[in-house]
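Visitor: File work38.csv follows (CSV, C-alpha atoms):
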```csv
chain,number,residue,atom,x,y,z
A,28,ILE,CA,20.9,-99.8,131.2
A,29,MET,CA,23.3,-102.4,129.8
A,30,ASP,CA,24.7,-101.9,126.3
A,31,LEU,CA,23.4,-105.2,124.9
A,32,VAL,CA,24.9,-104.5,121.5
A,33,ALA,CA,28.4,-104.6,123.0
A,34,ALA,CA,27.5,-107.4,125.5
A,35,ILE,CA,26.2,-109.7,122.8
A,36,ARG,CA,29.1,-109.0,120.5
A,37,ALA,CA,31.5,-109.7,123.4
A,38,GLU,CA,29.8,-113.1,124.0
A,39,LEU,CA,30.1,-114.0,120.3
A,40,VAL,CA,33.8,-113.0,120.3
A,41,ASN,CA,34.3,-115.1,123.5
A,42,ARG,CA,32.8,-118.0,121.5
A,43,LYS,CA,35.4,-117.4,118.7
A,44,THR,CA,32.8,-116.2,116.2
A,45,ALA,CA,34.6,-114.8,113.1
A,46,LEU,CA,33.4,-111.4,111.9
A,47,ALA,CA,31.1,-110.9,115.0
A,48,ASP,CA,31.5,-107.1,114.7
A,49,ARG,CA,30.1,-107.2,111.1
A,50,PHE,CA,26.9,-109.2,111.7
A,51,SER,CA,26.0,-109.4,115.4
A,52,HIS,CA,24.5,-105.9,115.7
A,53,VAL,CA,21.9,-106.7,112.9
A,54,TYR,CA,20.4,-109.6,114.8
A,55,THR,CA,20.7,-107.8,118.1
A,56,SER,CA,18.8,-104.8,116.7
A,57,SER,CA,16.1,-107.1,115.4
A,58,VAL,CA,15.6,-108.5,118.9
A,59,GLY,CA,15.4,-104.9,120.2
A,60,PHE,CA,12.7,-104.0,117.7
A,61,HIS,CA,10.8,-107.3,118.3
A,62,LEU,CA,10.5,-106.4,122.0
A,63,TRP,CA,9.7,-102.7,121.2
A,64,ASN,CA,6.8,-103.8,118.9
A,65,GLN,CA,5.2,-105.9,121.6
A,66,VAL,CA,5.5,-103.1,124.1
A,67,ASN,CA,4.1,-100.6,121.6
A,68,GLN,CA,1.1,-102.8,120.8
A,69,VAL,CA,0.1,-102.5,124.5
A,70,LYS,CA,1.3,-99.0,125.5
A,71,GLN,CA,0.4,-97.4,122.1
A,72,ILE,CA,3.4,-95.0,122.2
A,73,TYR,CA,4.3,-94.7,118.5
A,74,TYR,CA,2.0,-94.4,115.5
A,75,GLU,CA,2.8,-94.2,111.8
A,76,GLN,CA,0.4,-92.0,109.8
A,77,GLY,CA,-2.4,-92.6,112.3
A,78,ARG,CA,-1.8,-96.4,112.4
A,79,LEU,CA,-0.6,-98.5,115.3
A,80,ARG,CA,1.6,-100.8,113.1
A,81,ASN,CA,2.4,-104.4,114.0
A,82,SER,CA,6.0,-103.8,112.9
A,83,ARG,CA,8.9,-106.3,113.0
A,84,LEU,CA,12.5,-106.2,111.7
A,85,HIS,CA,12.8,-109.5,109.7
A,86,ILE,CA,16.2,-110.6,108.5
A,87,ILE,CA,17.4,-112.7,105.6
A,88,MET,CA,21.1,-113.6,105.2
A,89,VAL,CA,22.3,-114.6,101.8
A,90,ALA,CA,25.7,-116.5,101.8
A,91,PRO,CA,27.4,-119.5,100.3
A,92,PRO,CA,26.9,-123.0,101.9
A,93,GLY,CA,28.9,-123.3,105.1
A,94,PHE,CA,29.5,-119.6,105.7
A,95,MET,CA,27.7,-118.6,108.9
A,96,LYS,CA,24.0,-118.4,107.9
A,97,SER,CA,22.8,-121.2,110.2
A,98,TYR,CA,25.6,-120.6,112.7
A,99,LEU,CA,24.4,-117.1,113.5
A,100,ILE,CA,20.8,-118.0,113.9
A,101,GLU,CA,21.8,-121.0,116.1
A,102,GLN,CA,23.9,-118.7,118.3
A,103,PHE,CA,20.9,-116.5,119.1
A,104,LEU,CA,18.0,-118.9,119.0
A,105,ASP,CA,18.7,-122.7,119.2
A,106,GLY,CA,19.3,-124.7,122.3
A,107,SER,CA,20.2,-123.9,125.9
A,108,HIS,CA,23.5,-122.3,124.8
A,109,ALA,CA,21.6,-119.7,122.7
A,110,ILE,CA,22.1,-116.1,123.7
A,111,MET,CA,18.4,-115.4,123.8
A,112,HIS,CA,17.6,-118.5,125.8
A,113,GLU,CA,15.7,-117.8,129.0
A,114,THR,CA,15.1,-114.2,128.2
A,115,GLY,CA,11.3,-114.5,128.1
A,116,ILE,CA,11.3,-114.6,124.2
A,117,ASP,CA,9.7,-117.6,122.6
A,118,LEU,CA,12.4,-119.0,120.2
A,119,SER,CA,12.1,-121.5,117.3
A,120,PHE,CA,14.6,-122.7,114.7
A,121,MET,CA,13.4,-124.8,111.7
A,122,ASP,CA,15.5,-126.4,109.0
A,123,ILE,CA,13.1,-125.5,106.2
A,124,VAL,CA,9.6,-124.0,106.1
A,125,THR,CA,6.7,-124.3,103.6
A,126,GLU,CA,3.5,-122.3,103.4
A,127,ALA,CA,1.5,-124.7,105.5
A,128,GLY,CA,4.4,-125.0,107.9
A,129,LEU,CA,4.5,-121.3,108.5
A,130,ILE,CA,0.9,-120.2,108.1
A,131,GLY,CA,-1.1,-123.3,108.9
A,132,THR,CA,-4.1,-124.9,107.3
A,133,ILE,CA,-7.6,-126.3,107.9
A,134,LYS,CA,-8.7,-129.5,106.3
A,135,HIS,CA,-11.3,-132.3,106.6
A,136,GLY,CA,-10.2,-135.5,108.4
A,137,ALA,CA,-10.9,-139.0,107.2
A,138,GLU,CA,-14.2,-139.0,109.0
A,139,GLY,CA,-15.2,-135.6,107.8
A,140,ASN,CA,-14.2,-133.8,111.0
A,141,VAL,CA,-12.4,-130.4,110.7
A,142,MET,CA,-8.7,-130.5,111.5
A,143,ILE,CA,-6.8,-127.3,112.3
A,144,GLU,CA,-3.0,-127.5,111.8
A,145,GLN,CA,-1.4,-124.5,113.3
A,146,GLY,CA,1.6,-123.0,111.5
A,147,ALA,CA,4.8,-121.8,113.2
A,148,ALA,CA,3.6,-118.2,112.9
A,149,HIS,CA,0.6,-119.1,115.1
A,150,ARG,CA,2.4,-121.4,117.5
A,151,HIS,CA,5.1,-118.8,118.1
A,152,MET,CA,3.0,-115.6,117.5
A,153,TYR,CA,5.1,-113.6,120.0
A,154,GLY,CA,8.4,-115.3,119.2
A,155,ILE,CA,11.4,-115.1,116.9
A,156,ILE,CA,11.4,-117.9,114.3
A,157,GLY,CA,14.6,-118.8,112.5
A,158,CYS,CA,14.6,-120.7,109.2
A,159,ASP,CA,17.7,-122.4,107.9
A,160,GLU,CA,16.7,-122.5,104.3
A,161,PHE,CA,14.2,-119.9,102.9
A,162,SER,CA,14.2,-121.4,99.4
A,163,GLY,CA,11.5,-123.9,100.6
A,164,ILE,CA,9.0,-121.0,100.5
A,165,THR,CA,10.1,-119.3,97.3
A,166,ALA,CA,10.2,-122.7,95.5
A,167,MET,CA,6.6,-123.3,96.5
A,168,MET,CA,5.6,-120.0,95.0
A,169,LYS,CA,6.4,-121.4,91.6
A,170,GLN,CA,4.0,-124.3,92.0
A,171,GLY,CA,0.4,-123.7,91.0
A,172,HIS,CA,-1.2,-125.3,94.1
A,173,SER,CA,0.6,-122.7,96.2
A,174,ALA,CA,-0.3,-119.6,94.2
A,175,THR,CA,-1.8,-118.0,97.3
A,176,LEU,CA,1.5,-118.0,99.1
A,177,ASP,CA,2.9,-114.7,97.9
A,178,PRO,CA,0.1,-112.4,99.2
A,179,ALA,CA,-0.4,-114.5,102.3
A,180,LEU,CA,3.2,-114.3,103.2
A,181,LEU,CA,3.4,-110.6,102.4
A,182,LYS,CA,0.5,-109.9,104.7
A,183,LEU,CA,1.9,-112.1,107.4
A,184,LEU,CA,5.4,-110.4,107.3
A,185,ASP,CA,3.8,-106.9,107.1
A,186,SER,CA,0.7,-106.6,109.3
A,187,GLY,CA,1.0,-110.1,110.9
A,188,SER,CA,-2.6,-110.8,109.9
A,189,ILE,CA,-3.8,-114.0,108.2
A,190,GLU,CA,-7.3,-114.4,106.8
A,191,LYS,CA,-7.7,-117.5,104.5
A,192,SER,CA,-11.0,-119.0,103.5
A,193,LEU,CA,-10.5,-122.7,102.9
A,194,ALA,CA,-12.9,-125.5,102.0
A,195,ALA,CA,-12.9,-126.8,105.6
A,196,GLY,CA,-13.2,-123.3,107.2
A,197,GLU,CA,-11.6,-120.0,107.8
A,198,LEU,CA,-8.1,-119.5,109.1
A,199,LYS,CA,-7.8,-116.2,110.9
A,200,TYR,CA,-5.3,-114.8,113.4
A,201,THR,CA,-2.7,-112.1,114.0
A,202,SER,CA,0.9,-112.9,114.7
A,203,HIS,CA,3.6,-110.7,116.1
A,204,PHE,CA,6.5,-113.0,115.3
A,205,THR,CA,9.9,-111.9,113.9
A,206,PHE,CA,11.3,-114.0,111.1
A,207,TRP,CA,15.1,-114.7,110.6
A,208,ALA,CA,15.8,-116.6,107.3
A,209,SER,CA,18.8,-117.6,105.3
A,210,THR,CA,19.5,-118.9,101.8
A,211,GLN,CA,22.2,-119.5,99.3
A,212,PRO,CA,22.9,-117.1,96.5
A,213,MET,CA,21.8,-119.5,93.7
A,214,ARG,CA,18.6,-120.1,95.6
A,215,PHE,CA,17.9,-116.5,96.4
A,216,GLU,CA,14.6,-115.4,94.9
A,217,LEU,CA,12.5,-112.8,96.7
A,218,TYR,CA,9.6,-111.6,94.7
A,219,GLY,CA,8.3,-108.0,94.5
A,220,GLY,CA,7.2,-106.8,97.9
A,221,LEU,CA,8.7,-109.7,99.7
A,222,PHE,CA,12.2,-108.4,99.5
A,223,ARG,CA,11.4,-105.0,101.0
A,224,ARG,CA,10.0,-106.7,104.1
A,225,PHE,CA,13.4,-108.0,105.0
A,226,LEU,CA,16.6,-106.4,106.2
A,227,PRO,CA,19.1,-108.4,104.0
A,228,ILE,CA,22.6,-109.4,104.9
A,229,GLU,CA,24.8,-110.3,101.9
A,230,PHE,CA,28.1,-112.2,102.5
A,231,VAL,CA,30.5,-113.3,99.8
A,232,PRO,CA,33.7,-114.2,101.7
A,233,THR,CA,37.1,-113.2,100.4
A,234,GLU,CA,40.0,-115.6,100.7
A,235,TYR,CA,41.1,-113.8,103.8
A,236,GLU,CA,37.6,-114.1,105.4
A,237,LYS,CA,37.5,-117.8,104.5
A,238,ASP,CA,40.8,-118.3,106.3
A,239,LEU,CA,39.5,-116.2,109.3
A,240,ILE,CA,36.5,-118.4,109.6
A,241,ARG,CA,38.6,-121.5,109.4
A,242,GLN,CA,41.0,-120.2,112.2
A,243,HIS,CA,38.1,-119.1,114.4
A,244,ARG,CA,36.5,-122.5,114.0
A,245,ARG,CA,39.6,-124.1,115.3
A,246,MET,CA,40.0,-121.7,118.1
A,247,GLY,CA,36.5,-122.5,119.2
A,248,ARG,CA,37.3,-126.1,120.1
A,249,ASN,CA,36.4,-126.7,123.8
A,250,GLN,CA,35.2,-123.1,124.1
A,251,ARG,CA,32.3,-122.8,126.5
A,252,PRO,CA,29.9,-119.9,126.7
A,253,SER,CA,30.6,-117.3,129.4
A,254,ASP,CA,28.2,-118.1,132.1
A,255,VAL,CA,28.6,-114.7,133.8
A,256,ASN,CA,28.2,-112.7,130.7
A,257,LEU,CA,25.2,-114.8,129.5
A,258,ARG,CA,23.5,-114.5,132.9
A,259,ASN,CA,23.9,-110.8,132.9
A,260,LEU,CA,22.8,-110.1,129.4
A,261,ARG,CA,19.9,-112.4,129.5
A,262,ALA,CA,18.7,-110.7,132.6
A,263,ALA,CA,19.1,-107.3,130.9
A,264,VAL,CA,17.0,-108.5,127.9
A,265,LYS,CA,14.3,-109.8,130.2
A,266,GLU,CA,14.1,-106.4,131.9
A,267,LEU,CA,13.9,-104.4,128.6
A,268,PRO,CA,10.1,-104.6,128.1
A,269,GLU,CA,9.4,-103.0,131.5
A,270,LYS,CA,11.9,-100.3,130.9
A,271,MET,CA,10.6,-99.6,127.4
A,272,GLY,CA,7.1,-99.3,128.9
A,273,ARG,CA,8.2,-96.0,130.4
A,274,ILE,CA,8.9,-94.4,127.0
A,275,LYS,CA,6.5,-91.7,126.2
A,276,ASP,CA,7.9,-90.3,122.9
A,277,VAL,CA,10.0,-91.3,119.9
A,278,VAL,CA,12.1,-88.6,118.3
A,279,PHE,CA,13.9,-89.0,115.0
A,280,ASP,CA,17.2,-87.1,114.3
A,281,PRO,CA,16.7,-84.8,111.3
A,282,ALA,CA,20.2,-85.9,110.2
A,283,MET,CA,18.7,-89.3,109.3
A,284,ASP,CA,16.2,-87.7,106.9
A,285,LYS,CA,18.9,-85.6,105.3
A,286,PHE,CA,21.0,-88.8,104.9
A,287,PHE,CA,18.1,-90.6,103.1
A,288,ASP,CA,17.4,-87.5,101.0
A,289,LYS,CA,20.9,-87.8,99.6
A,290,LYS,CA,20.3,-91.6,98.9
A,291,LYS,CA,16.8,-91.2,97.3
A,292,SER,CA,18.1,-92.4,93.9
A,293,ILE,CA,18.9,-95.8,95.4
A,294,VAL,CA,16.7,-95.9,98.6
A,295,PRO,CA,13.0,-95.6,97.9
A,296,HIS,CA,10.7,-94.3,100.6
A,297,PHE,CA,9.4,-97.8,101.6
A,298,GLU,CA,12.9,-99.0,102.3
A,299,GLU,CA,13.6,-96.2,104.7
A,300,ILE,CA,11.0,-97.8,107.0
A,301,VAL,CA,13.2,-100.9,107.4
A,302,TYR,CA,16.3,-98.9,108.1
A,303,GLU,CA,14.3,-96.8,110.7
A,304,ARG,CA,13.3,-100.0,112.4
A,305,PHE,CA,17.0,-101.0,112.6
A,306,ALA,CA,17.8,-97.6,114.2
A,307,VAL,CA,15.0,-98.1,116.8
A,308,GLY,CA,16.1,-101.6,117.7
A,309,TYR,CA,19.8,-100.6,117.8
A,310,THR,CA,19.1,-97.6,120.1
A,311,ILE,CA,17.0,-99.7,122.4
A,312,MET,CA,19.7,-102.5,122.7
A,313,LYS,CA,22.4,-99.8,123.3
A,314,GLY,CA,20.2,-98.7,126.3
A,315,ASN,CA,20.1,-95.1,125.0
A,316,PHE,CA,16.7,-94.1,126.2
A,317,ASN,CA,14.7,-92.9,129.1
A,318,GLU,CA,11.2,-91.4,128.8
A,319,THR,CA,12.2,-90.3,125.3
A,320,LEU,CA,13.6,-92.7,122.7
A,321,GLN,CA,15.9,-90.3,120.8
A,322,LEU,CA,17.3,-91.8,117.6
A,323,VAL,CA,20.7,-90.2,117.2
A,324,PHE,CA,22.1,-90.3,113.7
A,325,ASP,CA,25.8,-90.1,114.4
A,326,LYS,CA,28.9,-91.4,112.5
A,327,GLU,CA,28.4,-94.9,113.9
A,328,MET,CA,24.8,-95.1,112.8
A,329,GLU,CA,25.6,-93.6,109.4
A,330,ALA,CA,28.3,-96.3,108.9
A,331,HIS,CA,25.8,-99.1,109.8
A,332,MET,CA,23.2,-97.6,107.3
A,333,GLU,CA,25.8,-97.4,104.5
A,334,LYS,CA,26.6,-101.1,105.0
A,335,LEU,CA,22.9,-102.1,105.2
A,336,ILE,CA,22.1,-100.2,102.0
A,337,ASP,CA,25.1,-101.7,100.2
A,338,TRP,CA,24.0,-105.3,101.1
A,339,ARG,CA,20.6,-104.6,99.6
A,340,LEU,CA,22.0,-103.1,96.5
A,341,GLN,CA,24.3,-106.1,95.9
A,342,LEU,CA,21.4,-108.4,96.2
A,343,LYS,CA,19.3,-106.3,93.8
A,344,ARG,CA,22.1,-106.5,91.3
A,345,GLY,CA,22.3,-110.2,91.7
A,346,SER,CA,24.1,-112.1,94.4
A,347,ALA,CA,25.6,-114.7,92.1
A,348,SER,CA,27.0,-111.9,89.8
A,349,SER,CA,28.5,-110.3,92.9
A,350,GLN,CA,30.3,-113.5,93.7
A,351,VAL,CA,31.8,-113.6,90.2
A,352,MET,CA,32.9,-109.9,90.4
A,353,ARG,CA,34.5,-110.3,93.9
A,354,ILE,CA,36.4,-113.4,92.9
A,355,LEU,CA,37.7,-111.6,89.8
A,356,ASN,CA,38.6,-108.5,91.9
A,357,GLN,CA,40.6,-110.7,94.3
A,358,ASN,CA,42.6,-112.0,91.3
A,359,HIS,CA,43.4,-108.5,89.9
A,360,GLY,CA,40.4,-108.7,87.5
A,361,THR,CA,41.4,-111.7,85.4
A,362,LEU,CA,41.1,-115.4,85.8
A,363,LYS,CA,40.9,-118.5,83.7
A,364,GLU,CA,37.3,-119.6,83.2
A,365,ALA,CA,38.0,-123.1,84.5
A,366,ASP,CA,39.6,-121.7,87.7
A,367,LEU,CA,36.7,-119.2,88.2
A,368,LYS,CA,34.1,-122.1,87.8
A,369,GLN,CA,36.1,-124.1,90.3
A,370,GLU,CA,35.9,-121.4,92.9
A,371,LEU,CA,32.2,-121.0,92.2
A,372,LEU,CA,31.7,-124.6,93.1
A,373,ASP,CA,32.6,-123.7,96.6
A,374,PHE,CA,29.7,-121.3,96.6
A,375,GLY,CA,27.1,-123.9,95.8
A,376,MET,CA,27.1,-123.2,92.1
A,377,THR,CA,27.2,-126.2,89.7
A,378,TRP,CA,29.4,-126.2,86.6
A,379,SER,CA,26.4,-125.8,84.3
A,380,ASP,CA,25.0,-123.0,86.4
A,381,SER,CA,28.2,-121.0,86.3
A,382,THR,CA,28.5,-121.6,82.6
A,383,MET,CA,25.1,-120.0,82.1
A,384,LEU,CA,25.8,-117.2,84.5
A,385,LEU,CA,29.1,-116.2,82.9
A,386,SER,CA,27.4,-116.2,79.4
A,387,GLU,CA,24.7,-113.9,80.7
A,388,MET,CA,27.4,-111.6,82.3
A,389,VAL,CA,29.3,-111.5,79.0
A,390,ARG,CA,26.1,-110.6,77.2
A,391,ASP,CA,25.3,-107.9,79.7
A,392,ARG,CA,28.9,-106.6,79.4
A,393,PHE,CA,29.7,-107.0,83.1
A,394,ILE,CA,32.7,-109.2,82.1
A,395,SER,CA,34.5,-110.1,78.9
A,396,ARG,CA,35.8,-113.4,77.6
A,397,SER,CA,38.9,-113.8,75.5
A,398,GLY,CA,39.6,-117.5,74.8
A,399,ASP,CA,39.6,-119.1,78.2
A,400,ILE,CA,40.3,-115.9,80.1
A,401,ILE,CA,37.5,-114.0,82.0
A,402,THR,CA,38.1,-110.3,82.7
A,403,GLY,CA,36.0,-108.0,84.9
A,404,MET,CA,36.2,-104.5,86.2
A,405,VAL,CA,38.5,-104.1,89.2
A,406,THR,CA,36.8,-102.2,92.0
```
Would it be possible to restate this file's structure as structure tokens?
Guide:
Amino acid sequence: IMDLVAAIRAELVNRKTALADRFSHVYTSSVGFHLWNQVNQVKQIYYEQGRLRNSRLHIIMVAPPGFMKSYLIEQFLDGSHAIMHETGIDLSFMDIVTEAGLIGTIKHGAEGNVMIEQGAAHRHMYGIIGCDEFSGITAMMKQGHSATLDPALLKLLDSGSIEKSLAAGELKYTSHFTFWASTQPMRFELYGGLFRRFLPIEFVPTEYEKDLIRQHRRMGRNQRPSDVNLRNLRAAVKELPEKMGRIKDVVFDPAMDKFFDKKKSIVPHFEEIVYERFAVGYTIMKGNFNETLQLVFDKEMEAHMEKLIDWRLQLKRGSASSQVMRILNQNHGTLKEADLKQELLDFGMTWSDSTMLLSEMVRDRFISRSGDIITGMVT
């Protein structure tokens, strides 16, 4: 079986994608788990505590404007050049999504007739849906007329089931879609149980990484996709469901449990589930299975888990604060306040927003201010 983790990374490298080795395997693993879930729903191979779960590996990438959020989703999902094009997976990529746009609604028409407007989760119920800006949903949560969004979205991302009683009728269906979202740090707001349903990617580029992205963008001029590589990897993805259908058992490496036991102070049990799904998707896309899907927790997998956990921790602590600390660290821990705010403008943070953020960080003793100088802890 082809190693699709390596093949997809190689295709992105061929397209002059900067930092392909840092991010590509996360999206690749999500594809693997998406296909696994659909096979498992039919073959009923793997149960969790007596339940045949409708499980997906949803992703949200949090990064400043212009730093790869949309780019990565496009490379996998959007257009004939997309890596997952013609693989048998239904693909969709939207600029922004609202509750009605994702879930759907039922309403009375002008003549009193019932009108059903299907949401993306219904239209693409077996697909992967990409969303360029997730803040459209979280902003709607704050509005009184969308107070039902939070539980509805939680259920949709978890079990895939929707049951809504509306004035015009009942909206009821089950979706198996996988959701890839992105947002900017200053717009990042995931409430309660919503955050734990995603595998987050946090990216605050250093000056070196900014330059790397700039150089790769230039190298990508007139760079076509590799027709041979695309044809081969797309065919391999298309064959995966049939090959996964031969799996009879899933075996977890005890080393994985020991790893999470050591991390229990920062990784609650419900977050382990998301990391396990990554391991399943990654192993499938590596092609390391026959009649048994053996999840091996080796040094490579451990390194991936450490990075995934770190991304989540950074976002829990506050992505905007992380930006400030990393900028300070790149400047030996000290910077003039005006220069720091100027850099934060490049990350989509207004001057007034950065003023409020720095005041909060001074109050919470993450940084100190002496005159016009901001100082933070060098890590």
Visitor: So, counting only C-alpha atoms, which residue among A:Tyr200, A:Trp338, A:Trp63, A:Tyr235 is closest to Ile354 of chain A?
Guide: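 That would be A:Tyr235, the residue with the smallest distance to Ile354 of chain A.
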Visitor: Which residue is closest to Ser56 of chain A? Choose from A:Glu364, A:Glu234, A:Asp337, A:Glu303 and count all atoms listed in the file.
Guide: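 Among the listed residues, A:Glu303 lies closest to Ser56 of chain A.
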Visitor: Using all atoms listed in the file, which of A:Lys290, A:Leu371, A:Phe60, A:Leu384 sits nearest Met332 of chain A?
Guide: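 When distances to Met332 of chain A are compared using all atoms listed in the file, the smallest one comes from A:Lys290.
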Visitor: Within 6 Å of (23.0, -88.5, 109.8) (file coordinates; all atoms listed in the file), which protein or nucleic acid residues are there? I'd like them as a PyMOL selection string.
Guide: chain A and resi 282-283+286+324-325+329
Visitor: Please report, as CSV, each residue of segment 296-342 of chain A lying at most 7 Å from segment 80-89 of chain A, together with the nearest pair of atoms and the separation in Å rounded to one decimal; use all atoms listed in the file, and order rows by chain and ascending residue number.
Guide:
```
residue,atom,partner,partner_atom,distance
A:Val301,CA,A:Leu84,CA,6.9
A:Arg304,CA,A:Leu84,CA,6.3
A:Phe305,CA,A:Leu84,CA,6.9
```
Visitor: Restricted to C-alpha atoms, what would the selected residues look like written as a short mmCIF file (atom, residue, chain, number, x, y, z; two decimals), in the coordinates of the input?
Guide:
```cif
data_model
loop_
_atom_site.label_atom_id
_atom_site.label_comp_id
_atom_site.auth_asym_id
_atom_site.auth_seq_id
_atom_site.Cartn_x
_atom_site.Cartn_y
_atom_site.Cartn_z
CA VAL A 301 13.20 -100.90 107.40
CA ARG A 304 13.30 -100.00 112.40
CA PHE A 305 17.00 -101.00 112.60
#
```
Visitor: Can you tell me how far atom CA of Gly196 of chain A sits from atom CA of Val141 of chain A, in Å to one decimal?
Guide: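 Separation between atom CA of Gly196 of chain A and atom CA of Val141 of chain A: 8.0 Å.
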Visitor: So which residues are close to (37.3, -105.1, 81.5), meaning at most 10 Å away in the file's coordinates with only C-alpha atoms counted, and can you show them as a VMD selection string?
Guide: chain A and resid 360 to 361 392 to 396 401 to 405
Visitor: Quick check, in Å to one decimal: how far apart do atom CA of Thr319 of chain A and atom CA of Val53 of chain A lie?
Guide: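 Interatomic distance, atom CA of Thr319 of chain A to atom CA of Val53 of chain A: 22.7 Å.
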Visitor: Render segment 377-392 of chain A from the structure in the preceding block as a file of N, CA and C atoms, as a short mmCIF file (atom, residue, chain, number, x, y, z; two decimals), in the first residue's frame.
Guide:
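Output below, filename result-v6.cif:
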```cif
data_model
loop_
_atom_site.label_atom_id
_atom_site.label_comp_id
_atom_site.auth_asym_id
_atom_site.auth_seq_id
_atom_site.Cartn_x
_atom_site.Cartn_y
_atom_site.Cartn_z
N THR A 377 -5.33 45.33 15.50
CA THR A 377 -5.32 46.79 15.40
C THR A 377 -4.50 47.40 16.53
N TRP A 378 -4.18 48.67 16.38
CA TRP A 378 -3.39 49.37 17.40
C TRP A 378 -4.12 49.38 18.74
N SER A 379 -5.43 49.62 18.71
CA SER A 379 -6.20 49.66 19.96
C SER A 379 -6.30 48.26 20.58
N ASP A 380 -6.45 47.22 19.73
CA ASP A 380 -6.50 45.84 20.25
C ASP A 380 -5.20 45.47 20.94
N SER A 381 -4.07 45.83 20.33
CA SER A 381 -2.77 45.49 20.91
C SER A 381 -2.53 46.27 22.20
N THR A 382 -3.04 47.50 22.26
CA THR A 382 -2.91 48.29 23.50
C THR A 382 -3.63 47.60 24.65
N MET A 383 -4.85 47.14 24.39
CA MET A 383 -5.62 46.43 25.42
C MET A 383 -4.96 45.11 25.80
N LEU A 384 -4.46 44.38 24.79
CA LEU A 384 -3.83 43.09 25.05
C LEU A 384 -2.58 43.25 25.92
N LEU A 385 -1.73 44.23 25.58
CA LEU A 385 -0.50 44.44 26.35
C LEU A 385 -0.82 44.86 27.79
N SER A 386 -1.83 45.66 27.97
CA SER A 386 -2.23 46.06 29.33
C SER A 386 -2.68 44.86 30.14
N GLU A 387 -3.43 43.96 29.51
CA GLU A 387 -3.89 42.75 30.19
C GLU A 387 -2.69 41.86 30.56
N MET A 388 -1.73 41.75 29.65
CA MET A 388 -0.57 40.89 29.89
C MET A 388 0.33 41.47 30.98
N VAL A 389 0.40 42.81 31.06
CA VAL A 389 1.15 43.45 32.15
C VAL A 389 0.45 43.16 33.48
N ARG A 390 -0.88 43.30 33.48
CA ARG A 390 -1.65 43.06 34.70
C ARG A 390 -1.51 41.62 35.17
N ASP A 391 -1.48 40.68 34.21
CA ASP A 391 -1.36 39.26 34.55
C ASP A 391 0.09 38.82 34.73
N ARG A 392 1.03 39.77 34.61
CA ARG A 392 2.46 39.55 34.85
C ARG A 392 3.11 38.58 33.85
#
```
